[in-house]
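To keep things clear, I will list the structure first and then write my remarks on it.
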Amino acid sequence: MSEIENVAVSLTVNGKKVQRFVEPRTLLVHFLREELNLTGTHIGCETSHCGACTVEIDGQSVKSCTMFALQAGGTAVNTVEGLAHPDGTLHALQEGFRQCHGLQCGFCTPGMLMRAKVLLSENPDPTEEEIRAGIAGNLCRCTGYQNIVKAIQYAAAKLAGRTFQEAAE
């Protein structure tokens, strides 16, 4: 049996150009975690059902366990490590998750944050129903989603320059 030859892959990750040699069968999630030490992208189900591995690629949310690193060649990949501002201040979504208690165990949080980032870029002022539909591919076993929805509403308001006003319950 012949040995698999590594192939060069070049992409931009969190604003930095990277090039590595990888086996053609290397999944993007493993490339990010093992080659770039970006361990915020979690490996959950490895079948694309849970969304813990969600990253942003060229403005689209992608479950990185379903894509080979070579397929991401030439793209711009953003992970949760690149979400905060360069000066270290939190992104509005991170702040929203903190302020609105949008996380418990935190396992789903990186993928949820990255999916929410793309959702808000597509729809800057989503309704509760649109948020719930938009994050439907990302599973959380702890929170019941209510505080995640509030956190995304908080971020949408902050990004629009408004103050978050929780709806009367």
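Every chain in the structure tokens has a letter given in the order shown (A, B, ...), and although residue numbers restart at 1 in each chain, ligands are simply numbered from 1 in the order shown.
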Practice item. Could you pull out the residues in segment 44-141 of chain A that DSSP calls helix (DSSP H, G or I) from the backbone, as an MDAnalysis selection string? Key: chainID A and resid 64:66 69:72 80:82 92:99 109:122 128:134
Could you please take those selected residues and save N, CA and C atoms as a JSON list (two decimals), in the first residue's frame?
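Below is the file that was written, result-v7.json:
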[["chain", "number", "residue", "atom", "x", "y", "z"],
["A", 64, "SER", "N", -17.56, 22.62, 10.00],
["A", 64, "SER", "CA", -16.21, 22.28, 9.55],
["A", 64, "SER", "C", -15.90, 20.79, 9.62],
["A", 65, "CYS", "N", -16.79, 20.00, 10.22],
["A", 65, "CYS", "CA", -16.58, 18.54, 10.21],
["A", 65, "CYS", "C", -17.04, 17.92, 8.91],
["A", 66, "THR", "N", -17.65, 18.73, 8.03],
["A", 66, "THR", "CA", -18.15, 18.20, 6.75],
["A", 66, "THR", "C", -17.32, 18.66, 5.57],
["A", 69, "ALA", "N", -10.01, 20.21, 4.58],
["A", 69, "ALA", "CA", -9.17, 21.41, 4.65],
["A", 69, "ALA", "C", -8.83, 21.89, 3.24],
["A", 70, "LEU", "N", -8.58, 20.96, 2.33],
["A", 70, "LEU", "CA", -8.25, 21.34, 0.95],
["A", 70, "LEU", "C", -9.40, 22.09, 0.27],
["A", 71, "GLN", "N", -10.64, 21.76, 0.63],
["A", 71, "GLN", "CA", -11.79, 22.46, 0.05],
["A", 71, "GLN", "C", -11.84, 23.91, 0.51],
["A", 72, "ALA", "N", -11.23, 24.19, 1.64],
["A", 72, "ALA", "CA", -11.21, 25.57, 2.17],
["A", 72, "ALA", "C", -10.05, 26.38, 1.60],
["A", 80, "VAL", "N", -14.11, 31.17, 16.24],
["A", 80, "VAL", "CA", -14.49, 31.91, 17.44],
["A", 80, "VAL", "C", -13.30, 32.67, 18.02],
["A", 81, "GLU", "N", -12.09, 32.19, 17.81],
["A", 81, "GLU", "CA", -10.91, 32.90, 18.31],
["A", 81, "GLU", "C", -10.74, 34.26, 17.64],
["A", 82, "GLY", "N", -11.29, 34.43, 16.46],
["A", 82, "GLY", "CA", -11.18, 35.69, 15.74],
["A", 82, "GLY", "C", -12.39, 36.60, 15.92],
["A", 92, "ALA", "N", -20.12, 41.98, 20.04],
["A", 92, "ALA", "CA", -21.46, 42.16, 20.60],
["A", 92, "ALA", "C", -22.12, 40.82, 20.92],
["A", 93, "LEU", "N", -21.87, 39.80, 20.13],
["A", 93, "LEU", "CA", -22.44, 38.48, 20.41],
["A", 93, "LEU", "C", -21.86, 37.88, 21.68],
["A", 94, "GLN", "N", -20.55, 37.97, 21.83],
["A", 94, "GLN", "CA", -19.92, 37.45, 23.05],
["A", 94, "GLN", "C", -20.45, 38.20, 24.27],
["A", 95, "GLU", "N", -20.56, 39.50, 24.15],
["A", 95, "GLU", "CA", -21.10, 40.31, 25.24],
["A", 95, "GLU", "C", -22.54, 39.91, 25.54],
["A", 96, "GLY", "N", -23.33, 39.69, 24.49],
["A", 96, "GLY", "CA", -24.71, 39.27, 24.66],
["A", 96, "GLY", "C", -24.83, 37.93, 25.36],
["A", 97, "PHE", "N", -23.99, 36.98, 24.98],
["A", 97, "PHE", "CA", -24.02, 35.67, 25.64],
["A", 97, "PHE", "C", -23.66, 35.81, 27.12],
["A", 98, "ARG", "N", -22.74, 36.70, 27.42],
["A", 98, "ARG", "CA", -22.36, 36.93, 28.82],
["A", 98, "ARG", "C", -23.48, 37.65, 29.58],
["A", 99, "GLN", "N", -23.99, 38.72, 29.03],
["A", 99, "GLN", "CA", -25.00, 39.52, 29.71],
["A", 99, "GLN", "C", -26.33, 38.79, 29.87],
["A", 109, "THR", "N", -21.27, 26.75, 22.44],
["A", 109, "THR", "CA", -21.17, 28.20, 22.32],
["A", 109, "THR", "C", -20.33, 28.68, 21.13],
["A", 110, "PRO", "N", -19.13, 28.14, 20.88],
["A", 110, "PRO", "CA", -18.36, 28.65, 19.73],
["A", 110, "PRO", "C", -19.11, 28.52, 18.40],
["A", 111, "GLY", "N", -19.71, 27.36, 18.17],
["A", 111, "GLY", "CA", -20.47, 27.17, 16.94],
["A", 111, "GLY", "C", -21.71, 28.04, 16.89],
["A", 112, "MET", "N", -22.35, 28.20, 18.05],
["A", 112, "MET", "CA", -23.55, 29.05, 18.13],
["A", 112, "MET", "C", -23.18, 30.51, 17.83],
["A", 113, "LEU", "N", -22.06, 30.97, 18.39],
["A", 113, "LEU", "CA", -21.62, 32.34, 18.14],
["A", 113, "LEU", "C", -21.32, 32.57, 16.66],
["A", 114, "MET", "N", -20.64, 31.62, 16.03],
["A", 114, "MET", "CA", -20.28, 31.79, 14.63],
["A", 114, "MET", "C", -21.51, 31.73, 13.73],
["A", 115, "ARG", "N", -22.46, 30.85, 14.06],
["A", 115, "ARG", "CA", -23.70, 30.81, 13.27],
["A", 115, "ARG", "C", -24.48, 32.11, 13.45],
["A", 116, "ALA", "N", -24.53, 32.60, 14.70],
["A", 116, "ALA", "CA", -25.26, 33.85, 14.97],
["A", 116, "ALA", "C", -24.61, 35.02, 14.26],
["A", 117, "LYS", "N", -23.29, 35.03, 14.16],
["A", 117, "LYS", "CA", -22.59, 36.11, 13.45],
["A", 117, "LYS", "C", -23.04, 36.17, 11.99],
["A", 118, "VAL", "N", -23.09, 35.02, 11.35],
["A", 118, "VAL", "CA", -23.52, 34.98, 9.95],
["A", 118, "VAL", "C", -25.01, 35.34, 9.85],
["A", 119, "LEU", "N", -25.81, 34.82, 10.78],
["A", 119, "LEU", "CA", -27.23, 35.15, 10.79],
["A", 119, "LEU", "C", -27.44, 36.66, 10.84],
["A", 120, "LEU", "N", -26.72, 37.35, 11.74],
["A", 120, "LEU", "CA", -26.88, 38.80, 11.86],
["A", 120, "LEU", "C", -26.32, 39.55, 10.66],
["A", 121, "SER", "N", -25.37, 38.98, 9.96],
["A", 121, "SER", "CA", -24.87, 39.64, 8.75],
["A", 121, "SER", "C", -25.90, 39.51, 7.62],
["A", 122, "GLU", "N", -26.67, 38.43, 7.64],
["A", 122, "GLU", "CA", -27.71, 38.22, 6.64],
["A", 122, "GLU", "C", -29.00, 38.97, 6.99],
["A", 128, "GLU", "N", -37.65, 36.94, 16.86],
["A", 128, "GLU", "CA", -37.36, 35.75, 17.66],
["A", 128, "GLU", "C", -37.50, 34.48, 16.82],
["A", 129, "GLU", "N", -38.54, 34.42, 16.02],
["A", 129, "GLU", "CA", -38.77, 33.24, 15.17],
["A", 129, "GLU", "C", -37.65, 33.07, 14.15],
["A", 130, "GLU", "N", -37.19, 34.19, 13.58],
["A", 130, "GLU", "CA", -36.09, 34.12, 12.60],
["A", 130, "GLU", "C", -34.79, 33.68, 13.27],
["A", 131, "ILE", "N", -34.57, 34.12, 14.49],
["A", 131, "ILE", "CA", -33.37, 33.67, 15.22],
["A", 131, "ILE", "C", -33.46, 32.17, 15.48],
["A", 132, "ARG", "N", -34.61, 31.72, 15.97],
["A", 132, "ARG", "CA", -34.77, 30.29, 16.25],
["A", 132, "ARG", "C", -34.59, 29.45, 14.99],
["A", 133, "ALA", "N", -35.13, 29.90, 13.87],
["A", 133, "ALA", "CA", -34.95, 29.19, 12.61],
["A", 133, "ALA", "C", -33.49, 29.25, 12.17],
["A", 134, "GLY", "N", -32.85, 30.40, 12.38],
["A", 134, "GLY", "CA", -31.47, 30.59, 11.95],
["A", 134, "GLY", "C", -30.45, 29.77, 12.70]]
Check your understanding: as a list in words, which residues of segment 50-99 of chain A does DSSP assign to strand (DSSP E or B)?
Key -> Thr54, Val55, Glu56, Ile57, Gln60, Ser61, Val62, Lys63, Phe68, Ala76, Val77 and Asn78 of chain A
Restricting the output to C-alpha atoms, write the selected residues as a tab-separated table (two decimals), in the first residue's frame.
chain	number	residue	atom	x	y	z
A	54	THR	CA	-19.46	25.83	12.90
A	55	VAL	CA	-17.07	28.39	11.42
A	56	GLU	CA	-17.53	31.24	8.95
A	57	ILE	CA	-16.10	30.73	5.46
A	60	GLN	CA	-21.22	31.65	5.11
A	61	SER	CA	-21.60	29.43	8.16
A	62	VAL	CA	-20.12	26.00	7.55
A	63	LYS	CA	-19.93	22.92	9.73
A	68	PHE	CA	-11.91	18.90	3.90
A	76	ALA	CA	-11.24	33.32	4.41
A	77	VAL	CA	-12.09	31.28	7.49
A	78	ASN	CA	-13.16	32.89	10.75
Check your understanding: From the list A:Asn14, A:Asn37, A:Gln165, A:Asn138, which residue is nearest Leu83 of chain A when using only C-alpha atoms?
Key ->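 For Leu83 of chain A, the nearest of the given residues is A:Asn14.
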Check your understanding: Of the candidates A:Val7, A:Leu139, A:Ala151, A:Leu90, which shows the shortest atom-to-atom distance to Ser48 of chain A, using only C-alpha atoms?
Key ->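 With only C-alpha atoms as the atom set, the closest residue is A:Leu139.
When the distance limit is 9 Å and only C-alpha atoms are what count, the residues near His42 of chain A, minus those fewer than 5 positions from it on the same chain, are Val29, Arg33, Gly51, Ala52, Cys53, Thr54, Phe107, Cys108, Pro110 and Gly111 of chain A.
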Let's have the selection written as a PDB file, in the first residue's frame, with C-alpha atoms.
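Final output, saved to out-v9.pdb:
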ATOM      1  CA  VAL A  29     -12.118  20.954  11.943  1.00  0.00           C
ATOM      2  CA  ARG A  33      -7.582  22.300  15.944  1.00  0.00           C
ATOM      3  CA  GLY A  51     -23.119  22.504  14.885  1.00  0.00           C
ATOM      4  CA  ALA A  52     -20.385  22.728  17.550  1.00  0.00           C
ATOM      5  CA  CYS A  53     -17.814  22.900  14.746  1.00  0.00           C
ATOM      6  CA  THR A  54     -19.456  25.825  12.905  1.00  0.00           C
ATOM      7  CA  PHE A 107     -19.689  23.281  24.473  1.00  0.00           C
ATOM      8  CA  CYS A 108     -22.064  24.555  21.780  1.00  0.00           C
ATOM      9  CA  PRO A 110     -18.363  28.652  19.730  1.00  0.00           C
ATOM     10  CA  GLY A 111     -20.469  27.172  16.935  1.00  0.00           C
TER      11      GLY A 111
END
Exercise for review: Quick one: pull the distance between atom CA of Cys105 of chain A and atom CA of Glu166 of chain A, Å, one decimal.
Suggested key: 23.8 Å
Point to revise | Interatomic distance, atom CA of Asn123 of chain A to atom CA of Cys100 of chain A (Å, one decimal) | key: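 One can read the atom CA of Asn123 of chain A to atom CA of Cys100 of chain A distance as 20.4 Å.
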Review point. Which is closer to Gly40 of chain A than all the others in A:Pro124, A:Gly102, A:Asn147, A:Thr79, using only C-alpha atoms?
Key: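 Looking only at the distances to Gly40 of chain A, the closest residue turns out to be A:Thr79.
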**Study point:** Counting only C-alpha atoms, the option among A:Lys17, A:Ala157, A:His49, A:Pro126 closest to Leu36 of chain A
**Key:**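 Of A:Lys17, A:Ala157, A:His49, A:Pro126, the one nearest Leu36 of chain A, counting only C-alpha atoms, is A:Lys17.
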Point to revise | Pairwise distance for atom CA of Val22 of chain A and atom CA of Ala8 of chain A, rounded to one decimal in Å | key: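 Those two atoms sit 6.4 Å apart.
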**Study point:** Residue nearest Asn6 of chain A - candidates A:His91, A:Lys158, A:His30, A:Arg25, atoms counted: only C-alpha atoms
**Key:**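 Residue with the minimum atom-to-atom distance to Asn6 of chain A: A:Arg25.
Using only C-alpha atoms, the smallest distance between any of A:Glu23, A:Glu3, A:Asp125, A:Asp87 and Gln153 of chain A comes from A:Asp125.
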